[in-house]
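Chemist: start_21.cif is reproduced below (mmCIF, C-alpha atoms and all ligand atoms).
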```cif
data_final
#
loop_
_atom_site.label_atom_id
_atom_site.label_comp_id
_atom_site.auth_asym_id
_atom_site.auth_seq_id
_atom_site.Cartn_x
_atom_site.Cartn_y
_atom_site.Cartn_z
CA MET A 1 -15.20 -43.22 1.83
CA SER A 2 -12.06 -41.43 2.83
CA ALA A 3 -9.77 -42.97 5.38
CA THR A 4 -10.07 -42.21 9.06
CA TYR A 5 -7.72 -42.60 12.01
CA PRO A 6 -5.49 -44.55 12.37
CA ALA A 7 -5.07 -45.11 8.61
CA LEU A 8 -5.27 -41.39 8.29
CA ARG A 9 -2.88 -39.49 10.53
CA LEU A 10 -2.56 -35.86 9.47
CA ARG A 11 0.53 -35.53 11.64
CA ARG A 12 2.34 -38.02 9.37
CA THR A 13 3.17 -35.42 6.70
CA ARG A 14 4.18 -32.95 9.41
CA SER A 15 6.69 -35.25 11.04
CA ALA A 16 9.85 -34.07 9.27
CA ALA A 17 11.06 -30.72 7.98
CA TRP A 18 11.53 -31.96 4.40
CA SER A 19 7.98 -33.26 4.38
CA ARG A 20 6.53 -30.05 5.78
CA ARG A 21 8.32 -28.21 3.00
CA LEU A 22 7.02 -30.65 0.42
CA HIS A 23 3.44 -30.22 1.58
CA GLY A 24 3.44 -26.46 1.91
CA GLU A 25 0.37 -25.10 0.10
CA THR A 26 1.45 -21.47 0.01
CA VAL A 27 4.74 -19.86 -0.90
CA LEU A 28 6.05 -16.51 0.32
CA THR A 29 9.03 -14.99 -1.48
CA PRO A 30 10.63 -11.53 -1.64
CA ALA A 31 8.87 -11.15 -5.01
CA ASP A 32 5.56 -10.90 -3.11
CA LEU A 33 6.55 -7.71 -1.33
CA ILE A 34 6.09 -4.00 -2.00
CA TRP A 35 8.03 -1.70 0.32
CA PRO A 36 6.41 1.66 1.21
CA LEU A 37 8.93 4.49 1.71
CA PHE A 38 8.46 8.04 3.00
CA ILE A 39 10.29 10.89 1.29
CA ALA A 40 11.70 13.95 3.08
CA GLU A 41 12.92 17.21 1.55
CA GLY A 42 16.67 17.88 1.63
CA GLU A 43 19.81 15.83 1.19
CA GLY A 44 21.46 13.27 3.40
CA ILE A 45 18.37 13.34 5.63
CA GLU A 46 16.99 10.51 7.74
CA GLU A 47 14.05 11.38 9.98
CA PRO A 48 12.88 8.55 12.24
CA ILE A 49 9.10 8.36 12.73
CA ALA A 50 8.33 7.95 16.42
CA SER A 51 5.06 6.08 15.98
CA LEU A 52 6.65 3.72 13.41
CA PRO A 53 9.75 2.46 15.23
CA GLY A 54 12.37 1.33 12.70
CA VAL A 55 10.87 3.37 9.83
CA SER A 56 12.29 6.71 8.68
CA ARG A 57 11.65 9.36 6.10
CA TRP A 58 14.57 9.64 3.70
CA SER A 59 15.63 12.42 1.37
CA VAL A 60 15.73 11.47 -2.31
CA ASP A 61 19.33 10.20 -2.13
CA GLY A 62 18.32 7.92 0.74
CA ILE A 63 15.28 6.69 -1.18
CA VAL A 64 17.60 5.66 -4.02
CA ALA A 65 19.83 3.83 -1.54
CA ARG A 66 16.78 2.03 -0.08
CA ALA A 67 15.68 1.04 -3.59
CA LYS A 68 19.08 -0.56 -4.17
CA GLU A 69 18.66 -2.51 -0.92
CA ALA A 70 15.21 -3.57 -2.09
CA ARG A 71 16.59 -4.75 -5.44
CA ASP A 72 19.42 -6.66 -3.77
CA ALA A 73 16.93 -8.35 -1.45
CA GLY A 74 14.70 -9.39 -4.36
CA ILE A 75 11.87 -6.93 -3.71
CA PRO A 76 10.30 -6.03 -7.08
CA CYS A 77 8.55 -2.77 -6.23
CA ILE A 78 8.58 0.17 -3.83
CA ALA A 79 5.73 2.58 -2.97
CA LEU A 80 6.39 6.27 -2.41
CA PHE A 81 4.78 8.78 -0.04
CA PRO A 82 6.05 12.35 0.30
CA ASN A 83 6.15 14.46 3.44
CA THR A 84 5.46 17.74 1.65
CA PRO A 85 6.94 20.76 3.45
CA HIS A 86 4.05 22.49 5.24
CA ALA A 87 4.67 25.80 3.46
CA LEU A 88 3.79 24.06 0.17
CA ARG A 89 0.46 22.67 1.39
CA SER A 90 -2.71 24.50 0.39
CA ALA A 91 -6.47 24.06 0.42
CA ASP A 92 -6.40 22.88 -3.21
CA GLY A 93 -3.30 20.68 -2.89
CA ALA A 94 -1.80 22.31 -6.00
CA GLU A 95 1.70 21.06 -5.13
CA ALA A 96 0.50 17.61 -6.26
CA LEU A 97 0.54 18.98 -9.81
CA ASN A 98 4.03 20.47 -9.67
CA PRO A 99 6.33 18.48 -11.99
CA ASP A 100 9.22 19.23 -9.64
CA ASN A 101 7.52 18.25 -6.41
CA LEU A 102 9.25 15.90 -3.99
CA MET A 103 7.44 12.85 -5.35
CA CYS A 104 8.41 13.54 -8.98
CA ARG A 105 12.03 14.23 -8.08
CA ALA A 106 12.17 10.93 -6.23
CA ILE A 107 10.57 9.03 -9.12
CA ARG A 108 13.04 10.49 -11.62
CA ALA A 109 16.04 9.75 -9.38
CA LEU A 110 14.86 6.17 -8.95
CA LYS A 111 14.23 5.60 -12.64
CA ASP A 112 17.67 7.07 -13.40
CA SER A 113 19.63 4.91 -11.00
CA VAL A 114 17.54 1.81 -10.16
CA PRO A 115 15.22 1.40 -13.16
CA GLU A 116 14.77 -2.32 -12.53
CA VAL A 117 12.73 -1.67 -9.38
CA GLY A 118 9.04 -0.86 -9.97
CA VAL A 119 7.79 2.44 -8.57
CA LEU A 120 4.24 2.62 -7.25
CA THR A 121 2.88 6.09 -6.51
CA ASP A 122 -0.06 7.09 -4.38
CA VAL A 123 -2.71 9.31 -5.93
CA ALA A 124 -4.60 11.32 -3.30
CA LEU A 125 -4.20 14.87 -2.09
CA ASP A 126 -3.63 14.32 1.64
CA PRO A 127 0.15 14.89 1.61
CA TYR A 128 -0.48 18.21 -0.17
CA THR A 129 -3.58 19.75 1.45
CA SER A 130 -3.56 22.15 4.37
CA HIS A 131 -6.65 20.36 5.81
CA GLY A 132 -5.24 16.84 5.49
CA HIS A 133 -8.09 15.44 3.38
CA ASP A 134 -7.55 13.36 0.25
CA GLY A 135 -9.59 15.76 -1.88
CA LEU A 136 -11.02 19.24 -2.25
CA VAL A 137 -13.30 20.38 0.54
CA ASP A 138 -16.41 22.55 0.08
CA ASP A 139 -17.73 25.19 2.51
CA THR A 140 -19.46 22.59 4.65
CA GLY A 141 -16.30 20.48 4.96
CA TYR A 142 -17.54 17.84 2.51
CA VAL A 143 -14.90 16.29 0.26
CA MET A 144 -16.18 16.92 -3.26
CA ASN A 145 -16.05 13.95 -5.60
CA ASP A 146 -15.95 15.17 -9.18
CA ALA A 147 -13.88 18.29 -8.55
CA THR A 148 -11.35 16.14 -6.69
CA ALA A 149 -11.26 13.55 -9.46
CA ASP A 150 -10.30 16.27 -11.95
CA VAL A 151 -7.26 17.15 -9.84
CA LEU A 152 -6.36 13.49 -9.35
CA ILE A 153 -6.16 13.03 -13.12
CA GLY A 154 -3.54 15.78 -13.21
CA GLN A 155 -1.69 14.28 -10.25
CA ALA A 156 -1.61 10.85 -11.89
CA LEU A 157 -0.36 12.25 -15.20
CA ASN A 158 2.30 14.24 -13.35
CA GLN A 159 3.54 11.05 -11.70
CA ALA A 160 3.39 9.07 -14.95
CA GLU A 161 5.39 11.77 -16.76
CA ALA A 162 8.06 11.51 -14.06
CA GLY A 163 8.26 7.74 -14.66
CA ALA A 164 5.88 6.04 -12.22
CA ASP A 165 5.17 2.41 -13.13
CA ILE A 166 2.03 1.83 -11.09
CA ILE A 167 -0.47 4.55 -10.26
CA ALA A 168 -2.33 3.72 -7.06
CA PRO A 169 -5.34 5.95 -6.36
CA SER A 170 -5.95 5.78 -2.61
CA ASP A 171 -8.52 8.55 -2.33
CA MET A 172 -11.76 6.53 -2.74
CA MET A 173 -13.46 9.07 -5.02
CA ASP A 174 -16.05 7.50 -7.33
CA GLY A 175 -15.07 7.25 -10.98
CA ARG A 176 -11.42 8.23 -10.69
CA VAL A 177 -9.96 4.95 -11.98
CA GLY A 178 -11.74 5.27 -15.32
CA LEU A 179 -10.83 8.92 -15.67
CA ILE A 180 -7.17 8.26 -14.87
CA ARG A 181 -7.05 5.26 -17.24
CA GLU A 182 -8.47 7.37 -20.05
CA ALA A 183 -5.97 10.16 -19.44
CA LEU A 184 -3.06 7.69 -19.34
CA GLU A 185 -4.16 6.15 -22.65
CA GLU A 186 -4.58 9.53 -24.30
CA SER A 187 -1.15 10.68 -23.18
CA GLY A 188 0.56 7.54 -24.44
CA HIS A 189 1.22 5.96 -21.03
CA VAL A 190 -0.42 2.73 -22.13
CA ASN A 191 1.79 0.49 -20.00
CA VAL A 192 1.46 2.46 -16.79
CA GLN A 193 -0.59 0.24 -14.50
CA ILE A 194 -3.35 1.19 -12.11
CA MET A 195 -3.55 -0.57 -8.77
CA ALA A 196 -6.79 0.67 -7.27
CA TYR A 197 -7.13 1.05 -3.54
CA ALA A 198 -10.53 -0.48 -4.23
CA ALA A 199 -11.68 -1.51 -0.78
CA LYS A 200 -10.13 1.01 1.55
CA TYR A 201 -11.71 1.32 4.96
CA ALA A 202 -12.02 4.33 7.25
CA SER A 203 -9.63 2.74 9.70
CA GLY A 204 -8.06 3.55 13.02
CA PHE A 205 -4.89 1.84 11.81
CA TYR A 206 -3.60 4.77 9.70
CA GLY A 207 -2.35 6.99 12.53
CA PRO A 208 1.42 6.45 12.19
CA PHE A 209 1.20 6.93 8.40
CA ARG A 210 -0.40 10.32 8.96
CA ASP A 211 2.52 11.21 11.23
CA ALA A 212 4.90 10.05 8.51
CA VAL A 213 3.38 12.26 5.80
CA GLY A 214 2.71 15.08 8.27
CA SER A 215 -1.07 15.17 7.91
CA ARG A 216 -2.22 13.92 11.32
CA GLY A 217 -2.17 17.33 13.02
CA LEU A 218 -3.80 18.99 10.03
CA LEU A 219 -6.70 16.61 9.49
CA LYS A 220 -10.10 18.15 10.18
CA GLY A 221 -12.68 15.53 11.03
CA ASP A 222 -12.46 12.01 9.66
CA LYS A 223 -12.58 10.32 6.25
CA ARG A 224 -15.85 8.43 6.63
CA THR A 225 -17.64 10.19 3.79
CA TYR A 226 -15.22 8.63 1.31
CA GLN A 227 -13.48 5.64 2.92
CA MET A 228 -15.54 2.53 3.66
CA ASP A 229 -17.37 1.50 6.81
CA PRO A 230 -15.54 -1.42 8.50
CA ALA A 231 -18.94 -3.08 8.88
CA ASN A 232 -19.30 -3.62 5.13
CA ALA A 233 -18.19 -6.49 2.91
CA GLU A 234 -20.74 -6.55 0.06
CA GLU A 235 -19.91 -2.95 -0.59
CA ALA A 236 -16.25 -3.90 -0.98
CA LEU A 237 -17.21 -6.27 -3.78
CA ARG A 238 -19.11 -3.47 -5.49
CA GLU A 239 -16.12 -1.16 -5.15
CA VAL A 240 -13.84 -3.79 -6.67
CA ALA A 241 -16.27 -4.51 -9.52
CA LEU A 242 -16.47 -0.83 -10.34
CA ASP A 243 -12.71 -0.27 -10.33
CA LEU A 244 -12.15 -3.34 -12.50
CA ALA A 245 -14.81 -2.17 -14.95
CA GLU A 246 -13.04 1.19 -15.11
CA GLY A 247 -9.75 -0.47 -16.05
CA ALA A 248 -7.86 -1.24 -12.83
CA ASP A 249 -5.08 -3.79 -13.49
CA SER A 250 -5.09 -4.94 -9.89
CA VAL A 251 -7.00 -4.10 -6.72
CA MET A 252 -6.01 -3.54 -3.15
CA VAL A 253 -7.67 -4.23 0.18
CA LYS A 254 -6.63 -1.99 3.05
CA PRO A 255 -5.92 -2.37 5.97
CA GLY A 256 -4.63 -5.93 5.77
CA LEU A 257 -4.88 -8.42 8.59
CA PRO A 258 -8.26 -7.28 10.01
CA TYR A 259 -9.70 -7.61 6.48
CA LEU A 260 -8.50 -11.06 5.38
CA ASP A 261 -12.15 -12.05 4.85
CA ILE A 262 -12.48 -9.26 2.29
CA ILE A 263 -9.33 -10.39 0.48
CA LEU A 264 -10.66 -13.93 0.24
CA ARG A 265 -14.08 -12.80 -0.98
CA VAL A 266 -12.59 -10.48 -3.58
CA LYS A 267 -10.24 -13.18 -4.84
CA ASN A 268 -13.03 -15.76 -5.05
CA ALA A 269 -15.46 -13.39 -6.74
CA PHE A 270 -13.17 -11.83 -9.36
CA GLU A 271 -10.04 -13.97 -9.84
CA VAL A 272 -7.87 -10.90 -10.46
CA PRO A 273 -4.59 -9.82 -8.84
CA VAL A 274 -5.37 -8.71 -5.29
CA PHE A 275 -2.93 -6.89 -3.05
CA ALA A 276 -3.13 -6.12 0.64
CA TYR A 277 -1.73 -3.12 2.44
CA GLN A 278 -0.49 -4.13 5.87
CA VAL A 279 -0.79 -0.58 7.14
CA SER A 280 1.18 1.53 9.55
CA GLY A 281 -0.93 0.76 12.62
CA GLU A 282 -0.56 -2.96 11.98
CA TYR A 283 3.20 -2.55 11.75
CA ALA A 284 3.22 -0.51 14.96
CA MET A 285 1.06 -3.08 16.73
CA LEU A 286 3.41 -5.89 15.77
CA GLU A 287 6.47 -3.90 16.82
CA ALA A 288 4.80 -3.00 20.13
CA SER A 289 4.16 -6.64 20.86
CA VAL A 290 7.80 -7.45 20.10
CA ALA A 291 8.93 -4.60 22.39
CA ALA A 292 6.65 -5.92 25.13
CA GLY A 293 8.22 -9.35 24.84
CA ALA A 294 4.93 -10.86 23.72
CA GLY A 295 6.18 -12.25 20.45
CA GLU A 296 9.21 -12.77 18.27
CA ARG A 297 9.58 -10.39 15.34
CA ASP A 298 10.79 -12.73 12.61
CA ALA A 299 8.10 -15.31 13.30
CA LEU A 300 5.31 -12.72 13.53
CA VAL A 301 6.38 -10.98 10.34
CA LEU A 302 6.59 -14.14 8.27
CA GLU A 303 3.36 -15.59 9.67
CA THR A 304 1.32 -12.46 8.95
CA LEU A 305 2.73 -12.13 5.44
CA MET A 306 2.05 -15.80 4.74
CA ALA A 307 -1.55 -15.26 5.88
CA PHE A 308 -2.03 -12.72 3.09
CA LYS A 309 -0.70 -15.16 0.51
CA ARG A 310 -2.92 -17.92 1.87
CA ALA A 311 -5.96 -15.64 1.63
CA GLY A 312 -5.24 -15.12 -2.06
CA CYS A 313 -2.99 -12.09 -2.34
CA SER A 314 -0.56 -11.65 -5.21
CA GLY A 315 1.51 -9.42 -2.96
CA VAL A 316 1.59 -7.26 0.14
CA LEU A 317 2.60 -3.70 0.86
CA THR A 318 4.44 -3.87 4.16
CA TYR A 319 6.86 -1.75 6.14
CA HIS A 320 8.55 -5.02 7.10
CA ALA A 321 9.34 -5.74 3.43
CA LEU A 322 13.12 -5.42 3.61
CA HIS A 323 13.36 -7.36 6.85
CA ALA A 324 11.08 -10.09 5.51
CA ALA A 325 12.88 -10.30 2.16
CA ARG A 326 16.20 -10.73 3.91
CA LEU A 327 14.75 -13.44 6.12
CA LEU A 328 13.37 -15.23 3.08
CA GLY A 329 16.58 -14.87 1.08
CA ALA A 330 16.64 -13.50 -2.45
C1 LIG B 401 -3.59 8.45 1.78
C2 LIG B 401 -3.15 7.16 2.31
C3 LIG B 401 -3.27 6.69 3.63
C4 LIG B 401 -2.58 5.48 3.68
C5 LIG B 401 -2.09 5.23 2.40
N1 LIG B 401 -2.46 6.26 1.55
C6 LIG B 401 -3.85 7.31 4.85
C7 LIG B 401 -5.26 7.68 4.88
O1 LIG B 401 -6.06 7.29 4.03
O2 LIG B 401 -5.59 8.44 5.79
C8 LIG B 401 -2.39 4.66 4.92
C9 LIG B 401 -1.22 3.74 4.93
C10 LIG B 401 -0.78 3.30 6.28
O3 LIG B 401 -1.42 3.56 7.31
O4 LIG B 401 0.27 2.65 6.33
N2 LIG B 401 -4.71 8.54 1.06
#
```
With the file now loaded, output its structure as structure tokens.
Ligand code: PBG
Modeler:
Amino acid sequence: MSATYPALRLRRTRSAAWSRRLHGETVLTPADLIWPLFIAEGEGIEEPIASLPGVSRWSVDGIVARAKEARDAGIPCIALFPNTPHALRSADGAEALNPDNLMCRAIRALKDSVPEVGVLTDVALDPYTSHGHDGLVDDTGYVMNDATADVLIGQALNQAEAGADIIAPSDMMDGRVGLIREALEESGHVNVQIMAYAAKYASGFYGPFRDAVGSRGLLKGDKRTYQMDPANAEEALREVALDLAEGADSVMVKPGLPYLDIILRVKNAFEVPVFAYQVSGEYAMLEASVAAGAGERDALVLETLMAFKRAGCSGVLTYHALHAARLLGA
């Protein structure tokens, strides 16, 4: 029989700071963070994003400067998203395949000047298409799976050639992880990782991101024929199983906080590295509550990030990464 009150007082181990530290079950460090950054065309450019207060798009020189800040704060990896100039967007998203596109120029600049920071790149066509979808659209408006996957292979190889360390397909097409893995192996990029956006939901929390990459105004319809229904959890496990079978090195659940149950289930079922994306709308919600005086930023940021670690995450993509890393100390 285990002890009961008063022999057992759970407040006993909480009674002093040293003891709380000693009994902490979960650790959050800057090494758990991936910092998403938005790239703008030009030089010396900073473009604040109204719906993401405190987050800006930076031209490539600014991205390099941010990567140095990340390194100095102990953040191991950054994630890149381009705001492709609208004149370069097309129905087929061909700019995604251009070896000199904004994304590739940023990757090369980063690998030239801050090679010790990992670079994660998003594979999906939405920053490049004139209709804002992640793939190729047929006459009825349906996003075609296999035709899109063929383009995504080219996009992934283009990013790998430029020096990307982790390829992160966020498009939710069936079969693309296996196809990309095969192409990476055949082209000699055997150590380029794949972090699959495995369980990505058709979420209302992506709005500010779409402002940041300039696709919100362009998007026709919604993404429910490829992203997951928020009602579903079993299906998330099937998505993860499939991506792992196809060769994903790690999997992601997205959005983050509203889907902690999915993170826990994935971790328990597969025992593989799981990452969460605390998405733009979550960031905006937290910042709005700080602005309204409802909460205190530092505490909210650290508590939410700790929640991901507690649920089983290896790491978290978060727009608060630099702030959090500095709070935590390198
Ligand atoms: C693009 C992509 C999206 C996000 C990451 N990659 C948006 C979408 O699927 O519409 C969202 C990230 C965020 O909201 O912070 N495929």
Chemist: Tell me which of A:Thr84, A:Ser90, A:Thr4, A:Thr121 sits closest to Asp211 (chain A), counting only C-alpha atoms.
Modeler: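 Among the listed residues, the smallest separation from Asp211 (chain A) belongs to A:Thr84.
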Chemist: Let me see if you get this right: every residue at most 6 Å from ligand LIG 401 (chain B), counting only C-alpha atoms and all ligand atoms, written as a PyMOL selection string.
Modeler: chain A and resi 124+126+134+170-171+205-206+209+279-280
Chemist: Pick the closest to Leu286 (chain A) from A:Ala311, A:Leu257, A:Met306, A:Ala183: which is it, counting all atoms listed in the file?
Modeler: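 Checking each candidate against Leu286 (chain A), we get A:Leu257 as the closest.
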Chemist: When you look at region 39-46 of chain A with a cut-off of 10 Å (counting all atoms listed in the file), what residues show up, excluding the ones that are within fewer than 4 positions of it in the same chain? I need them as a PyMOL selection string.
Modeler: chain A and resi 55-63+80-85+101-103+106+212-213
Chemist: Between A:Gly118, A:Pro30, A:Gly207, A:Gly132, which has the minimum distance to Cys77 (chain A) (counting all atoms listed in the file)?
Modeler: A:Gly118
Chemist: Which polymer residues, whether protein, DNA or RNA, lie within 10 Å of the coordinate (-16.9, 7.3, -9.5) when you count all atoms listed in the file? List them as a PyMOL selection string, using the chain letters and numbers from the file.
Modeler: chain A and resi 145-146+149+172-179+239+242-243+246
Chemist: Quick one, how far is CA of Val137 (chain A) from CA of Val240 (chain A)?
Modeler: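 Separation between CA of Val137 (chain A) and CA of Val240 (chain A): 25.2 Å.
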Chemist: So which residues fall inside 10 Å of (-9.5, -14.2, 2.1) if we count only C-alpha atoms? Mind giving them as a PyMOL selection string?
Modeler: chain A and resi 257+259-268+307-313
Chemist: A:Leu136, A:Ile78, A:Ala321, A:Leu218: which is nearest Pro115 (chain A), counting all atoms listed in the file?
Modeler: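 Of all the options, A:Ile78 lies closest to Pro115 (chain A).
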Chemist: Hey, which of A:Ala231, A:Val290, A:Leu10, A:Ala245 ends up closest to Ala198 (chain A)? Count only C-alpha atoms.
Modeler: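 Ranking A:Ala231, A:Val290, A:Leu10, A:Ala245 by distance to Ala198 (chain A), first place goes to A:Ala245.
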Chemist: Find the residues around Val274 (chain A) up to 6 Å (all atoms listed in the file counted), leave out those fewer than 6 positions away in its own chain, and share them as a list of chain:residue names.
Modeler: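 My list of contacting residues is A:Ser250, A:Val251, A:Met252, A:Cys313, A:Ser314.
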Chemist: Grab the CA of Ala67 (chain A) to CA of Pro48 (chain A) distance for me, in Å with one decimal place.
Modeler: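 Distance between the two atoms: 17.7 Å.
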Chemist: When distances are computed from all atoms listed in the file, which of A:Ala199, A:Ala276, A:Ala299, A:Ala73 shows the smallest separation from Gln227 (chain A)?
Modeler: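 Nearest candidate to Gln227 (chain A) out of A:Ala199, A:Ala276, A:Ala299, A:Ala73: A:Ala199.
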Chemist: Mind giving me the straight-line distance from CA of Tyr197 (chain A) to CA of Ala236 (chain A) in Å, one decimal?
Modeler: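 Here the two named atoms are 10.7 Å from each other.
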